[in-house]
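Have a look at the structure below, then the notes.
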Protein chains: 2
Amino acid sequence: MAVKYELVKKCKHTKARVGRLHTPHGVIDTPVFMPVGTQATVKTMTPEELKEIGAQIILSNTYHLYLRPGHELVRDAGGLHKFMNWDRPILTDSGGFQVFSLGPLRKITEEGVTFKSHIDGSQHFISPEKAVEIQMNLGSDIIMAFDECTPYPCTHEYARNSLERTTRWAQRCKRAHTREDQALFGIVQGGGFRDLREQSAKEIVDLDFLGYAIGGLSVGEPKAVMYEVLDYTVPLLPEDKARYLMGVGSPDCLLEGVSRGIDMFDCVLPTRIARNGTAMTSQGKVVIKNAAYTRDYSPLDPECGCYTCRTYTRAYLRHLFKAEEILALRLFTIHNLYFLLRLMENIRAAIMEDRLPTYKEEFFRKYGLINEEN
Amino acid sequence: MAVKYELVKKCKHTKARVGRLHTPHGVIDTPVFMPVGTQATVKTMTPEELKEIGAQIILSNTYHLYLRPGHELVRDAGGLHKFMNWDRPILTDSGGFQVFSLGPLRKITEEGVTFKSHIDGSQHFISPEKAVEIQMNLGSDIIMAFDECTPYPCTHEYARNSLERTTRWAQRCKRAHTREDQALFGIVQGGGFRDLREQSAKEIVDLDFLGYAIGGLSVGEPKAVMYEVLDYTVPLLPEDKARYLMGVGSPDCLLEGVSRGIDMFDCVLPTRIARNGTAMTSQGKVVIKNAAYTRDYSPLDPECGCYTCRTYTRAYLRHLFKAEEILALRLFTIHNLYFLLRLMENIRAAIMEDRLPTYKEEFFRKYGLINEEN
């Protein structure tokens, strides 16, 4: 079995749990946050730096790698791990979310999705079988079924059609998938409708995947809706498989997701806001370009142990951003990822010691809420 | 004495020499290439990475730091070394070259130069005294006199006026300079005129600086002109002081400069072309975006031991550049600087072993000439 979830400890107070996800490229402690390496690189970072800050697994994007440099080129390079020099686990998405996000540039049929490349406008077709073929060529440890990401808001009828197609596509993905050294995860859809989430969860779980994702969240709905969907959907997933909430990575959503039984998360948020000069710190958000930091010779986050905070002052970091220096983007990316990876480490420790609610309360008191998308 | 040049070995065949430059932040083996950190950062690199590839000293720009973040801010941060986390030697230029390069945005008088900021158009004035004050606040180990960089081509009269003003300004710089923990270097001007270079060298050497630069070269003149000027100017400089050829960094010019008795060089060339996807390799230039490298799974330079060449394929590097990933800029910067720093190391070894001409010949046979500006 390519990937096996091992339950280590259940939280006494919430649905949170600590586990170990065994993969061909090593064991991952869960709950885990996966930095995003869209184009076979986590923007600005080397693999060695990712390891240094404790990244256990990264996510890469099938849509982007399919278009550039092409999955056959990556296969011939020895697979994605070798191509990008990352020997720890990799999860690839199915390309579904990116393709659906293209809006008017794509057309969905039962067979699959026809779309135009955002790079050169060339026309392409991805079916469930194709999405699996690409991911088999990439050689990631965990691959995702090709789903139809249901938008928010949408009608009950749209969401039902969408989830039912997702189920049929999930079956086709399962049939097409032949690599025993990688695990295929199924994706539950159903929008914000409880009956549809229940229907989708049942259908997808019946297909028996090695892990399950909850899709169609973090697509513009209020956080309260996301939490509600998690409240009634997670309990429908088997306890002995990993549960993955796609596209979520703000500190508050991570804490709320974990408390509802989620084991895996990914999001471009920490790396994207880093390149924009926004840091997640133990005292809340720091927007470094603010004039207040011009002569601030203290570290970005006094409680942080990352390279950036150990080495540089806010005044220097602000200077680098104002001067549009690339080092600025690196230093903030290091910090934000370190911050989230430490958060997950602390969450795991809190679960192990049955003090997650206290930890959560303290964290929110110090950090406040981050009013970004997830 | 802030900086002392120690002659270690003279080449038997050329005017080249190996030396040690003692500074408050450590000893530099010469001939040396100084990577450029214009805005208090060598673009894309951390100080630790610079050390790892063997950078002994870096250059930073007075003009840029004066405008942003401001020299008083850097002083209050504890000086440039502390501000940017670089504890090895730093040389700062005087700002003269940058200010003169502003063209219509600046006006030169005997008192100094009035100019408009390239950032926000605000008006500024830098005199020799001001240039020294700024550099004292930055706290670099070696600071440069404020000179008037003579353009090429220009008339004999223009070049004479320019060099004579440079001498008067050099005197003013010397009077204004009071920090004993940093060395002030004088700059020889005189354009492409032998009599004027002789006049300038005599006047500047009479002022007795701790080191001497040859300015006004690498400003658009043919390389043959540069070499000729070096041929008759370098012998006019005292043997017991370091000699610095400003703004020069292509492999051929480094070899030719060393052979003519130059000890120090700086140039943005390796880092600038790196960010454009051009690598200096033992087999000549590699322009990585070329289609020929699409499926080239060999290292960038098979003879190179840098992180980039040890770790990645040309196919991956090309992908990163095509996808406009920041990691690409880092990896090429690492490689090009490593390449030049190894070149200088090899040159020093060749001088020590009295085989510089052979080394030079072999290098050119393998590398060819790089047809970039210097």
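We label chains A, B, ... in the order they appear in the structure tokens, count residues from 1 in each chain, and number ligands from 1 in the order shown.
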
_Test item: chain B residues at most 10 Å from chain A, counting only C-alpha atoms, as number ranges by chain_ = B: 39-46, 64-65, 68-70, 73-74, 76-78, 82-85, 119, 294-297, 311-313, 315-320, 322-331

*Using DSSP on the backbone coordinates, identify all residues within region 81-259 of chain A classified as strand (DSSP E or B); present the result as a count of residues only.*
31

*Skip region 360-369 of chain B itself and residues of its chain fewer than 2 positions away, then list as JSON, numbers by chain all residues within 12 Å of it, counting only C-alpha atoms.*
{"B": [13, 14, 16, 223, 250, 251, 252, 253, 254, 255, 256, 257, 258, 259, 279, 280, 281, 282, 283, 284, 285, 286, 301, 303, 339, 343, 344, 346, 347, 348, 350, 351, 354, 355, 356, 357, 358, 371, 372, 373, 374]}

_Non-local contacts of Thr62 (chain A) (9 Å; only C-alpha atoms; under 4 positions in same chain excluded) as a ChimeraX atom specification_ = /A:38-39,66-67,71,92-96,98,131,134-135,138

I need the chosen residues saved as an mmCIF file, in the first residue's frame, with C-alpha atoms.
data_model
loop_
_atom_site.group_PDB
_atom_site.id
_atom_site.type_symbol
_atom_site.label_atom_id
_atom_site.label_comp_id
_atom_site.auth_asym_id
_atom_site.auth_seq_id
_atom_site.Cartn_x
_atom_site.Cartn_y
_atom_site.Cartn_z
ATOM 1 C CA THR A 38 3.204 25.258 -8.125
ATOM 2 C CA GLN A 39 5.781 25.039 -10.882
ATOM 3 C CA TYR A 66 1.299 19.683 -17.672
ATOM 4 C CA LEU A 67 1.546 22.970 -19.586
ATOM 5 C CA HIS A 71 4.730 15.756 -17.740
ATOM 6 C CA THR A 92 -0.060 16.726 -6.688
ATOM 7 C CA ASP A 93 -3.500 18.094 -7.213
ATOM 8 C CA SER A 94 -5.485 16.869 -10.216
ATOM 9 C CA GLY A 95 -5.538 20.103 -12.155
ATOM 10 C CA GLY A 96 -9.285 20.255 -11.675
ATOM 11 C CA GLN A 98 -7.002 25.320 -11.825
ATOM 12 C CA ALA A 131 -5.184 13.724 -15.063
ATOM 13 C CA ILE A 134 -0.038 13.077 -15.924
ATOM 14 C CA GLN A 135 0.253 12.465 -12.202
ATOM 15 C CA LEU A 138 5.080 13.147 -12.343
#

Would you mind listing what lies within 12 Å of Ile214 (chain B) as a CSV table (one decimal) with C-alpha atoms, in the first residue's frame, with only C-alpha atoms counted and same-chain residues fewer than 3 positions away left out?
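This is the output file around28.csv:
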chain,number,residue,atom,x,y,z
B,144,MET,CA,36.6,55.7,-2.4
B,145,ALA,CA,37.4,59.4,-3.1
B,147,ASP,CA,36.0,61.7,-8.4
B,149,CYS,CA,34.4,60.0,-14.0
B,150,THR,CA,35.7,61.1,-17.4
B,163,LEU,CA,41.4,64.8,-13.8
B,185,PHE,CA,41.5,55.0,-1.8
B,186,GLY,CA,42.4,57.6,-4.4
B,187,ILE,CA,41.2,57.4,-8.1
B,188,VAL,CA,43.4,58.0,-11.2
B,189,GLN,CA,41.5,59.6,-14.1
B,190,GLY,CA,42.8,61.0,-17.4
B,191,GLY,CA,40.7,59.2,-20.1
B,192,GLY,CA,42.6,57.5,-22.9
B,197,ARG,CA,47.0,59.4,-16.9
B,198,GLU,CA,50.6,60.2,-16.0
B,200,SER,CA,46.8,62.1,-12.7
B,201,ALA,CA,48.7,59.2,-11.3
B,204,ILE,CA,47.0,61.3,-6.7
B,205,VAL,CA,50.0,59.2,-5.6
B,211,GLY,CA,45.2,52.2,-2.1
B,217,LEU,CA,37.7,52.7,-17.7
B,218,SER,CA,35.0,50.2,-18.7
B,226,MET,CA,41.6,49.8,-21.6
B,227,TYR,CA,44.5,47.4,-21.7
B,229,VAL,CA,45.8,52.6,-20.4
B,230,LEU,CA,46.6,49.8,-17.8
B,231,ASP,CA,49.9,49.1,-19.6
B,232,TYR,CA,51.2,52.6,-19.0
B,233,THR,CA,49.2,53.6,-15.8
B,234,VAL,CA,49.7,50.7,-13.4
B,235,PRO,CA,53.5,51.0,-13.4
B,236,LEU,CA,53.0,54.6,-12.0
B,237,LEU,CA,51.3,53.3,-8.9
B,242,ALA,CA,46.6,47.8,-3.7
B,243,ARG,CA,45.4,48.6,-7.2
B,244,TYR,CA,41.8,48.5,-8.1
B,245,LEU,CA,40.3,48.5,-11.6
B,246,MET,CA,36.7,49.7,-11.2
B,247,GLY,CA,33.7,48.2,-12.9
B,248,VAL,CA,35.4,45.3,-14.6
B,257,GLY,CA,43.8,43.2,-15.8
B,261,GLY,CA,49.2,44.3,-12.2
B,262,ILE,CA,45.6,44.9,-10.9
B,263,ASP,CA,44.7,43.5,-7.5
B,264,MET,CA,41.0,44.3,-7.2
B,265,PHE,CA,37.9,44.2,-9.5

*Identify all residues of region 172-302 of chain A in helix (DSSP H, G or I) (DSSP on the backbone) and supply them as number ranges by chain.*
A: 172-176, 194-206, 223-236, 251-259, 269-275, 291-293

*For the atom pair CA of Pro35 (chain A) and CA of His81 (chain A), what is the interatomic distance in Å to one decimal place?*
14.9 Å

*CA of Val3 (chain A) and CA of Leu21 (chain A), how far apart in Å?*
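A separation of 6.8 Å between them.
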